[in-house]
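Reviewing the structure listed below.
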Amino acid sequence: MALLELKNLVKDFGGLRAVNDVTLNIEKGEIFGLIGPNGAGKTTIFNCINNYYPFTSGDILFKGKSIKGFKTHKICHLGIARTFQIVKPLARMTVLENVTASAFCRIKKIKDARDEAHKVLEFCNLSSEKDKLAKSLPIGGRKRLEIARTLATRPEFLLLDETAAGLNPTELDEAIDLIIRIKDSGVTIFIIEHIMKVIMSISDRIHAINFGVTIAEGTPSEVAANPAVIEAYLGDEYA
Amino acid sequence: MNKKNGILAVLGIVLLIFPLVVRSDYYQHLIIITLIWVIIGSSWNLLAGYTGQVSFGHAIFFGIGAYTAGILATKLGMSAWWGMMFGGITSVLIGLFVGWVCFRLRGPYFALATLAGGEIFRLIATNWENLTEGMVGILIIQTFRSKLPYYYIALALAALCIYIIHIIMKSKWGYYFVSIREDQDAAASLGINIVLYKNISLLVSSFFTGMAGAFYMNYMGFIDPEVVFSLHFISIMAILVGIVGGVATIWGPAVGAFVMVGLQETFRSAFFGLAPKWISQGHALVFGLLVIFVIMFFANGIVGDWSKIKKIFFKTRETT
């Protein structure tokens, strides 16, 4: 049984069908990539999974059970955590407070939550920044803080939305290393990424969409060679 | 930390012995009013400052508390002191309703909804004459002649209010409140039930504001809708106390209460009779100027920007 299944997922914004009949299965333990040109509906799929807004039709199953209509915070408690493409740091809290607040998701006592936060920050190489205000972090730090916060909720399934966008080459390598370490700790990862270096090197399988419709699915090399994908990215003269 | 505790201890002792040293009813009255504002300001600050849900309608809870105490006394013949408890409880019930309606909205829309809510409750209190006596108001006989008992009750309430808010802000609730203020969507995605915790914040806030209202009824002996449901004397004043003292600081509203009541009284009495009488009309104008000044130069209020203020006024002392 797949860990997460999307079944004929449809999301309409008024007359615009942003996600059209997308079906995919993500197995436990894999890194599953989602690619597509700008406006293809990638983030919309994430927003449907954690019920940032409700989807129009279809179904989303987590461990075989439908999570349709569950509140966002309930979905987090089930073990699905997400980062935001446009980072949302809790700006006027310190890095440690940001992570502690999310550690309360599983931990009752304040001291234990803070210990957990320290551990997670260590894991994400953010320990040296822990007393800084979140708003004072540069973009690389903010992206890592997004990940640290989600890890503190102890997810089984992690949605990463363009975690590597806007990073310099060194930060990029660190981000890849971090994502792989998260996978090794037993978390299944569903990742949206534009940077091919990242998505091609870490994904076990990739799903490509364009205009909300599935155009390809398979291993990174299969997807990269798929004419529909090449057409979507480069235009039909290259396909 | 030790220095801070020392200052607090000294302040506490000063407040405790103040009415024994200063026997003037007038000054005791001023401090009692200030203490009521410490409670309202701190409660407002919990909801607006820490949780980020800026209320323009705290008069709702103050008025409900005051009217609960008054109606218990006039209609049911109970002591108005029971109102201290029931005032808090009815305030919480009304708070649940206000939250149910207003928390569907965010940011400025929430603020406007609470603003309208305050006016609605004022009109209800004005027109439901069978229950509230309308514009005639409610008059009860005060329990004590002396101001001393009122002073210590107000002081105890204010201290309790600040202490409980302090405890809350150190707990998981505190983390959740501030997370909600910073980003509701991020908070929800981190497993925080934002509707629940916004309501918890509102309920604690409305409970203490309601108690303050009930105490006001007991202390003043007279209320009418224009006073306890007043937009500018209660709702806006609560915001001023918070902003001037320092939003999202434990001691900010307390400092703000002393500054604002002090200023209000200085103007109302036309600088204690030293200035021409027309100046007493000008306090609203000065409040406006003060808020502009604070927002422009000390956006975090007196407590929040204390280090900045210290640098400006005590520059020479610091360098030596």
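All residue names refer to the structure tokens as shown: chains lettered A, B, ... in order, residues numbered from 1 in each chain, ligands numbered from 1 in order.
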
>> List the spatial neighbours of stretch 167-171 of chain B as a ChimeraX atom specification - criterion: any atom at most 9 Å away, only C-alpha atoms, same-chain residues fewer than 4 positions off excluded.
In response: /A:109-110 /B:46,50,162-163,175-178,250

>> Quick check: residues of chain B within 9 Å of chain A, only C-alpha atoms, returned as a list in words.
In response: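 Filtering chain B at 9 Å from chain A with only C-alpha atoms gives Lys170, Ser171, Lys172, Tyr175, Tyr176, Val178, Ser179, Ile180, Arg181, Glu182, Asp183, Asp185, Ala186, Ala187, Ala188, Ser189, Leu190, Gly191, Ile192, Asn193 and Ile194 of chain B.
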
Would you output that residue set with all heavy atoms, as a compact mmCIF listing (two decimals), in the first residue's frame?
```txt
# COMPACT_ATOMS: atom_id res chain seq x y z
N LYS B 170 4.70 31.95 29.15
CA LYS B 170 5.86 31.07 29.28
C LYS B 170 5.53 29.65 28.85
O LYS B 170 6.40 28.79 28.75
CB LYS B 170 6.31 31.03 30.76
CG LYS B 170 6.95 32.31 31.21
CD LYS B 170 8.42 32.09 31.48
CE LYS B 170 9.10 33.40 31.75
NZ LYS B 170 10.21 33.67 30.87
N SER B 171 4.25 29.37 28.64
CA SER B 171 3.83 28.00 28.39
C SER B 171 3.67 27.75 26.89
O SER B 171 3.92 28.61 26.07
CB SER B 171 2.49 27.74 29.09
OG SER B 171 1.46 28.39 28.37
N LYS B 172 3.20 26.56 26.58
CA LYS B 172 2.91 26.19 25.20
C LYS B 172 1.92 27.16 24.57
O LYS B 172 2.08 27.57 23.42
CB LYS B 172 2.34 24.77 25.20
CG LYS B 172 1.75 24.31 23.90
CD LYS B 172 1.29 22.87 24.05
CE LYS B 172 0.05 22.60 23.22
NZ LYS B 172 -0.43 21.22 23.33
N TYR B 175 3.70 30.20 23.20
CA TYR B 175 4.34 29.94 21.90
C TYR B 175 3.29 29.93 20.79
O TYR B 175 3.52 30.47 19.71
CB TYR B 175 5.04 28.58 21.93
CG TYR B 175 6.40 28.60 22.58
CD1 TYR B 175 6.55 28.41 23.95
CD2 TYR B 175 7.55 28.82 21.83
CE1 TYR B 175 7.79 28.43 24.55
CE2 TYR B 175 8.79 28.83 22.41
CZ TYR B 175 8.91 28.63 23.78
OH TYR B 175 10.14 28.66 24.35
N TYR B 176 2.15 29.29 21.06
CA TYR B 176 1.12 29.19 20.03
C TYR B 176 0.54 30.56 19.71
O TYR B 176 0.33 30.87 18.53
CB TYR B 176 0.02 28.22 20.50
CG TYR B 176 0.35 26.77 20.25
CD1 TYR B 176 1.65 26.39 19.92
CD2 TYR B 176 -0.61 25.78 20.33
CE1 TYR B 176 1.96 25.07 19.68
CE2 TYR B 176 -0.31 24.44 20.09
CZ TYR B 176 0.97 24.09 19.77
OH TYR B 176 1.27 22.78 19.53
N VAL B 178 1.91 33.54 19.93
CA VAL B 178 2.83 34.36 19.14
C VAL B 178 2.98 33.79 17.72
O VAL B 178 3.05 34.54 16.74
CB VAL B 178 4.20 34.47 19.84
CG1 VAL B 178 5.17 35.27 19.00
CG2 VAL B 178 4.04 35.13 21.22
N SER B 179 2.97 32.46 17.60
CA SER B 179 3.05 31.85 16.26
C SER B 179 1.87 32.30 15.41
O SER B 179 2.02 32.63 14.24
CB SER B 179 3.03 30.32 16.34
OG SER B 179 4.07 29.87 17.14
N ILE B 180 0.68 32.32 16.02
CA ILE B 180 -0.52 32.73 15.29
C ILE B 180 -0.39 34.19 14.87
O ILE B 180 -0.74 34.56 13.75
CB ILE B 180 -1.79 32.51 16.15
CG1 ILE B 180 -2.05 31.01 16.30
CG2 ILE B 180 -2.99 33.21 15.55
CD1 ILE B 180 -3.10 30.66 17.32
N ARG B 181 0.15 35.03 15.77
CA ARG B 181 0.34 36.43 15.42
C ARG B 181 1.27 36.56 14.22
O ARG B 181 1.02 37.32 13.29
CB ARG B 181 0.95 37.19 16.60
CG ARG B 181 1.28 38.64 16.28
CD ARG B 181 2.07 39.30 17.38
NE ARG B 181 3.46 38.87 17.38
CZ ARG B 181 4.30 39.04 18.38
NH1 ARG B 181 3.88 39.62 19.49
NH2 ARG B 181 5.54 38.64 18.31
N GLU B 182 2.36 35.79 14.22
CA GLU B 182 3.37 35.96 13.19
C GLU B 182 2.89 35.46 11.83
O GLU B 182 3.19 36.06 10.82
CB GLU B 182 4.67 35.26 13.60
CG GLU B 182 5.36 35.93 14.76
CD GLU B 182 5.75 37.38 14.45
OE1 GLU B 182 6.20 37.65 13.34
OE2 GLU B 182 5.55 38.24 15.34
N ASP B 183 2.23 34.31 11.78
CA ASP B 183 1.73 33.81 10.50
C ASP B 183 0.71 32.70 10.74
O ASP B 183 1.07 31.60 11.13
CB ASP B 183 2.90 33.28 9.65
CG ASP B 183 2.47 33.10 8.20
OD1 ASP B 183 1.40 32.50 7.96
OD2 ASP B 183 3.20 33.56 7.31
N ASP B 185 -1.11 30.95 8.65
CA ASP B 185 -1.04 29.80 7.76
C ASP B 185 0.11 28.88 8.16
O ASP B 185 -0.03 27.66 8.18
CB ASP B 185 -0.87 30.25 6.32
CG ASP B 185 -2.07 31.06 5.85
OD1 ASP B 185 -3.18 30.79 6.35
OD2 ASP B 185 -1.90 31.97 5.03
N ALA B 186 1.26 29.51 8.48
CA ALA B 186 2.40 28.70 8.91
C ALA B 186 2.04 27.99 10.22
O ALA B 186 2.32 26.80 10.38
CB ALA B 186 3.63 29.58 9.10
N ALA B 187 1.39 28.70 11.14
CA ALA B 187 1.02 28.11 12.42
C ALA B 187 0.13 26.89 12.21
O ALA B 187 0.35 25.83 12.80
CB ALA B 187 0.32 29.14 13.30
N ALA B 188 -0.86 27.02 11.34
CA ALA B 188 -1.77 25.89 11.09
C ALA B 188 -1.01 24.72 10.51
O ALA B 188 -1.23 23.56 10.89
CB ALA B 188 -2.89 26.32 10.14
N SER B 189 -0.08 24.98 9.59
CA SER B 189 0.65 23.88 8.96
C SER B 189 1.61 23.22 9.94
O SER B 189 2.10 22.13 9.69
CB SER B 189 1.39 24.37 7.72
OG SER B 189 2.59 25.00 8.10
N LEU B 190 1.89 23.89 11.08
CA LEU B 190 2.76 23.28 12.09
C LEU B 190 1.94 22.57 13.16
O LEU B 190 2.44 22.27 14.24
CB LEU B 190 3.66 24.34 12.72
CG LEU B 190 4.63 24.99 11.75
CD1 LEU B 190 5.37 26.14 12.40
CD2 LEU B 190 5.62 23.95 11.23
N GLY B 191 0.67 22.36 12.89
CA GLY B 191 -0.14 21.57 13.81
C GLY B 191 -0.84 22.39 14.88
O GLY B 191 -1.32 21.84 15.86
N ILE B 192 -0.88 23.71 14.71
CA ILE B 192 -1.54 24.55 15.71
C ILE B 192 -2.99 24.79 15.27
O ILE B 192 -3.24 25.27 14.17
CB ILE B 192 -0.79 25.89 15.86
CG1 ILE B 192 0.63 25.64 16.35
CG2 ILE B 192 -1.55 26.79 16.84
CD1 ILE B 192 1.52 26.85 16.32
N ASN B 193 -3.91 24.45 16.16
CA ASN B 193 -5.33 24.67 15.89
C ASN B 193 -5.62 26.15 16.10
O ASN B 193 -5.88 26.61 17.21
CB ASN B 193 -6.16 23.81 16.84
CG ASN B 193 -7.64 23.91 16.54
OD1 ASN B 193 -8.09 24.83 15.86
ND2 ASN B 193 -8.39 22.96 17.05
N ILE B 194 -5.53 26.93 15.01
CA ILE B 194 -5.54 28.39 15.19
C ILE B 194 -6.88 28.90 15.71
O ILE B 194 -6.92 29.82 16.49
CB ILE B 194 -5.11 29.14 13.90
CG1 ILE B 194 -5.94 28.73 12.70
CG2 ILE B 194 -3.65 28.95 13.61
CD1 ILE B 194 -5.64 29.56 11.47
```

>> Can you tell me which residues surround A:Ile195 at a distance of at most 10 Å, considering only C-alpha atoms, apart from same-chain residues fewer than 5 positions away, and format the answer as a ChimeraX atom specification?
In response: /A:35,162-166,172,200

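Across the structure, atom CA of A:Phe46 and atom CA of A:Leu158 are spaced 10.4 Å apart.
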
> Between atom CA of B:Val98 and atom CA of B:Ile124, what is the distance, to one decimal in Å?
Replying inline: 14.7 Å

Which residues of stretch 187-242 of chain B come within 9 Å of stretch 140-146 of chain B, and for each one, what is the closest pair of atoms and their distance in Å to one decimal, counting only C-alpha atoms, sorted by chain and residue number, as JSON lines?
```
{"residue": "B:Met217", "atom": "CA", "partner": "B:Ile140", "partner_atom": "CA", "distance": 8.2}
{"residue": "B:Asn218", "atom": "CA", "partner": "B:Gln142", "partner_atom": "CA", "distance": 6.2}
{"residue": "B:Tyr219", "atom": "CA", "partner": "B:Gln142", "partner_atom": "CA", "distance": 6.7}
{"residue": "B:Met220", "atom": "CA", "partner": "B:Gln142", "partner_atom": "CA", "distance": 7.5}
{"residue": "B:Gly221", "atom": "CA", "partner": "B:Ile140", "partner_atom": "CA", "distance": 5.0}
{"residue": "B:Phe222", "atom": "CA", "partner": "B:Ile140", "partner_atom": "CA", "distance": 6.4}
```

>> Need the shell around B:Thr74: protein/DNA/RNA residues with any atom at most 10 Å away, counting only C-alpha atoms. Skip same-chain ones fewer than 3 positions apart. Format as number ranges by chain?
In response: B: 69-71, 77-80, 131-132, 138-140

Selection export as a short mmCIF file (atom, residue, chain, number, x, y, z; two decimals), in the first residue's frame, atoms kept: C-alpha atoms:
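Once everything was written out, this is result.cif:
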```cif
data_model
loop_
_atom_site.label_atom_id
_atom_site.label_comp_id
_atom_site.auth_asym_id
_atom_site.auth_seq_id
_atom_site.Cartn_x
_atom_site.Cartn_y
_atom_site.Cartn_z
CA ALA B 69 -22.59 43.01 38.46
CA GLY B 70 -25.13 45.83 38.29
CA ILE B 71 -28.03 43.66 37.16
CA GLY B 77 -30.76 41.49 44.99
CA MET B 78 -27.40 39.75 45.19
CA SER B 79 -24.26 41.51 46.32
CA ALA B 80 -22.58 43.20 43.39
CA LEU B 131 -32.97 44.83 31.90
CA THR B 132 -30.44 47.66 31.85
CA ILE B 138 -27.65 51.48 37.12
CA LEU B 139 -27.02 52.88 40.56
CA ILE B 140 -26.00 50.69 43.49
#
```

>> Residues of stretch 94-242 of chain B classed as strand (DSSP E) by DSSP on the backbone are to be reported as number ranges by chain.
In response: B: 138-139, 222-223

Would you save the residues from that selection as a PDB file, in the first residue's frame, using N, CA and C atoms?
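selection-v3.pdb, written as the output of this step:
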```
ATOM      1  N   ILE B 138     -27.413  52.288  35.922  1.00  0.00           N
ATOM      2  CA  ILE B 138     -27.646  51.481  37.122  1.00  0.00           C
ATOM      3  C   ILE B 138     -26.893  52.097  38.281  1.00  0.00           C
ATOM      4  N   LEU B 139     -27.621  52.286  39.372  1.00  0.00           N
ATOM      5  CA  LEU B 139     -27.022  52.879  40.562  1.00  0.00           C
ATOM      6  C   LEU B 139     -27.087  51.859  41.694  1.00  0.00           C
ATOM      7  N   PHE B 222     -22.069  53.532  39.960  1.00  0.00           N
ATOM      8  CA  PHE B 222     -22.973  53.963  38.902  1.00  0.00           C
ATOM      9  C   PHE B 222     -22.372  53.643  37.534  1.00  0.00           C
ATOM     10  N   ILE B 223     -23.215  53.072  36.641  1.00  0.00           N
ATOM     11  CA  ILE B 223     -22.770  52.873  35.256  1.00  0.00           C
ATOM     12  C   ILE B 223     -23.905  53.249  34.317  1.00  0.00           C
TER      13      ILE B 223
END
```

Just want the 7 Å neighbourhood of B:Gly242, counted on only C-alpha atoms, with same-chain residues fewer than 5 positions away dropped. Output as an mmCIF file with C-alpha atoms, in the first residue's frame.
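Heads up, here's the output in selection29.cif:
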```
data_model
loop_
_atom_site.group_PDB
_atom_site.id
_atom_site.type_symbol
_atom_site.label_atom_id
_atom_site.label_comp_id
_atom_site.auth_asym_id
_atom_site.auth_seq_id
_atom_site.Cartn_x
_atom_site.Cartn_y
_atom_site.Cartn_z
ATOM 1 C CA GLY B 41 -4.638 46.973 28.997
ATOM 2 C CA ASN B 45 -2.409 43.012 25.088
ATOM 3 C CA VAL B 247 2.607 45.930 22.696
ATOM 4 C CA GLY B 252 3.979 47.514 28.787
ATOM 5 C CA PRO B 253 0.257 47.929 29.479
ATOM 6 C CA GLY B 256 0.937 52.572 29.586
#
```

>> Can you pull out the residues contacting B:Arg122? Cut-off 8 Å, using only C-alpha atoms, and skip same-chain residues under 3 positions away; I want them as a ChimeraX atom specification.
In response: /B:60,118-119,125-126,225-226,229-230

What would the file look like if the residues just selected were written as a JSON list (two decimals), in the first residue's frame with N, CA and C atoms?
```
[["chain", "number", "residue", "atom", "x", "y", "z"],
["B", 60, "ILE", "N", -16.89, 45.87, 24.92],
["B", 60, "ILE", "CA", -17.90, 44.81, 25.01],
["B", 60, "ILE", "C", -17.75, 44.08, 26.34],
["B", 118, "GLY", "N", -18.71, 46.34, 19.47],
["B", 118, "GLY", "CA", -18.78, 47.23, 20.62],
["B", 118, "GLY", "C", -19.97, 48.17, 20.53],
["B", 119, "GLU", "N", -20.20, 48.72, 19.34],
["B", 119, "GLU", "CA", -21.33, 49.63, 19.16],
["B", 119, "GLU", "C", -22.66, 48.90, 19.30],
["B", 125, "ALA", "N", -27.51, 47.81, 25.25],
["B", 125, "ALA", "CA", -27.59, 48.27, 26.65],
["B", 125, "ALA", "C", -28.43, 49.54, 26.75],
["B", 126, "THR", "N", -28.37, 50.36, 25.71],
["B", 126, "THR", "CA", -29.16, 51.61, 25.74],
["B", 126, "THR", "C", -30.65, 51.32, 25.60],
["B", 225, "PRO", "N", -24.63, 53.09, 29.71],
["B", 225, "PRO", "CA", -24.05, 52.54, 28.48],
["B", 225, "PRO", "C", -22.97, 53.44, 27.89],
["B", 226, "GLU", "N", -23.15, 54.77, 28.03],
["B", 226, "GLU", "CA", -22.18, 55.69, 27.42],
["B", 226, "GLU", "C", -20.82, 55.61, 28.10],
["B", 229, "PHE", "N", -19.72, 51.05, 27.82],
["B", 229, "PHE", "CA", -19.61, 50.52, 26.46],
["B", 229, "PHE", "C", -19.02, 51.56, 25.51],
["B", 230, "SER", "N", -18.40, 52.58, 26.08],
["B", 230, "SER", "CA", -17.91, 53.69, 25.27],
["B", 230, "SER", "C", -16.80, 53.26, 24.32]]
```

Set the distance at 12 Å and use only C-alpha atoms: which residues neighbour B:Phe233 once local chain neighbours fewer than 4 positions away are removed? I'd like the list as a short mmCIF file (atom, residue, chain, number, x, y, z; two decimals) with N, CA and C atoms, in the first residue's frame.
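So the final result, stored in result21.cif, reads:
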```cif
data_model
loop_
_atom_site.label_atom_id
_atom_site.label_comp_id
_atom_site.auth_asym_id
_atom_site.auth_seq_id
_atom_site.Cartn_x
_atom_site.Cartn_y
_atom_site.Cartn_z
N TRP B 37 -7.10 50.10 34.59
CA TRP B 37 -6.54 50.15 33.24
C TRP B 37 -5.38 49.19 33.04
N ILE B 40 -7.31 46.01 32.12
CA ILE B 40 -7.87 46.04 30.76
C ILE B 40 -6.76 46.03 29.72
N PHE B 56 -10.85 46.21 18.61
CA PHE B 56 -11.31 47.59 18.80
C PHE B 56 -12.60 47.57 19.61
N GLY B 57 -12.84 46.46 20.29
CA GLY B 57 -14.13 46.35 20.97
C GLY B 57 -14.03 45.82 22.38
N HIS B 58 -12.93 46.14 23.08
CA HIS B 58 -12.84 45.58 24.43
C HIS B 58 -13.89 46.16 25.38
N ALA B 59 -14.53 47.25 24.97
CA ALA B 59 -15.64 47.79 25.79
C ALA B 59 -16.75 46.76 25.92
N PHE B 62 -15.81 44.79 29.01
CA PHE B 62 -15.84 45.66 30.18
C PHE B 62 -17.29 45.96 30.54
N GLY B 63 -18.08 46.31 29.54
CA GLY B 63 -19.48 46.66 29.77
C GLY B 63 -20.29 45.47 30.25
N GLY B 118 -18.71 46.34 19.47
CA GLY B 118 -18.78 47.23 20.62
C GLY B 118 -19.97 48.17 20.53
N PRO B 225 -24.63 53.09 29.71
CA PRO B 225 -24.05 52.54 28.48
C PRO B 225 -22.97 53.44 27.89
N GLU B 226 -23.15 54.77 28.03
CA GLU B 226 -22.18 55.69 27.42
C GLU B 226 -20.82 55.61 28.10
N VAL B 227 -20.79 55.13 29.33
CA VAL B 227 -19.51 55.03 30.03
C VAL B 227 -18.87 53.67 29.78
N VAL B 228 -19.58 52.59 30.12
CA VAL B 228 -18.89 51.29 30.12
C VAL B 228 -18.85 50.64 28.74
N PHE B 229 -19.72 51.05 27.82
CA PHE B 229 -19.61 50.52 26.46
C PHE B 229 -19.02 51.56 25.51
N MET B 237 -9.15 53.59 24.41
CA MET B 237 -8.22 53.78 25.52
C MET B 237 -7.41 52.50 25.77
N ALA B 238 -8.08 51.34 25.65
CA ALA B 238 -7.36 50.07 25.85
C ALA B 238 -6.23 49.94 24.84
N ILE B 239 -6.51 50.36 23.60
CA ILE B 239 -5.49 50.28 22.56
C ILE B 239 -4.35 51.25 22.86
N LEU B 240 -4.72 52.48 23.30
CA LEU B 240 -3.69 53.48 23.60
C LEU B 240 -2.78 53.00 24.73
N VAL B 241 -3.40 52.45 25.78
CA VAL B 241 -2.62 51.95 26.91
C VAL B 241 -1.62 50.90 26.42
N MET B 260 -1.09 57.00 30.59
CA MET B 260 -2.32 57.49 29.98
C MET B 260 -3.27 58.08 31.01
N VAL B 261 -3.45 57.40 32.16
CA VAL B 261 -4.33 57.96 33.18
C VAL B 261 -3.74 59.25 33.71
N GLN B 264 -4.35 61.91 31.06
CA GLN B 264 -5.76 62.22 30.99
C GLN B 264 -6.16 63.14 32.15
N HIS B 283 -7.51 66.93 25.68
CA HIS B 283 -6.76 65.69 25.96
C HIS B 283 -6.83 64.70 24.79
N ALA B 284 -7.97 64.69 24.08
CA ALA B 284 -8.06 63.76 22.95
C ALA B 284 -7.02 64.11 21.89
N PHE B 287 -3.66 62.95 23.09
CA PHE B 287 -3.55 61.50 22.94
C PHE B 287 -3.18 61.16 21.50
#
```

> Between atom CA of A:Leu137 and atom CA of A:Val120, what is the distance, to one decimal in Å?
Replying inline: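 Atom CA of A:Val120 lies 17.1 Å from atom CA of A:Leu137.
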
> Using the chain letters and numbers from this document, which residues of stretch 74-170 of chain A does DSSP assign to alpha helix (DSSP H), as an MDAnalysis selection string?
Replying inline: chainID A and resid 74:78 95:103 110:123 139:152 169:170
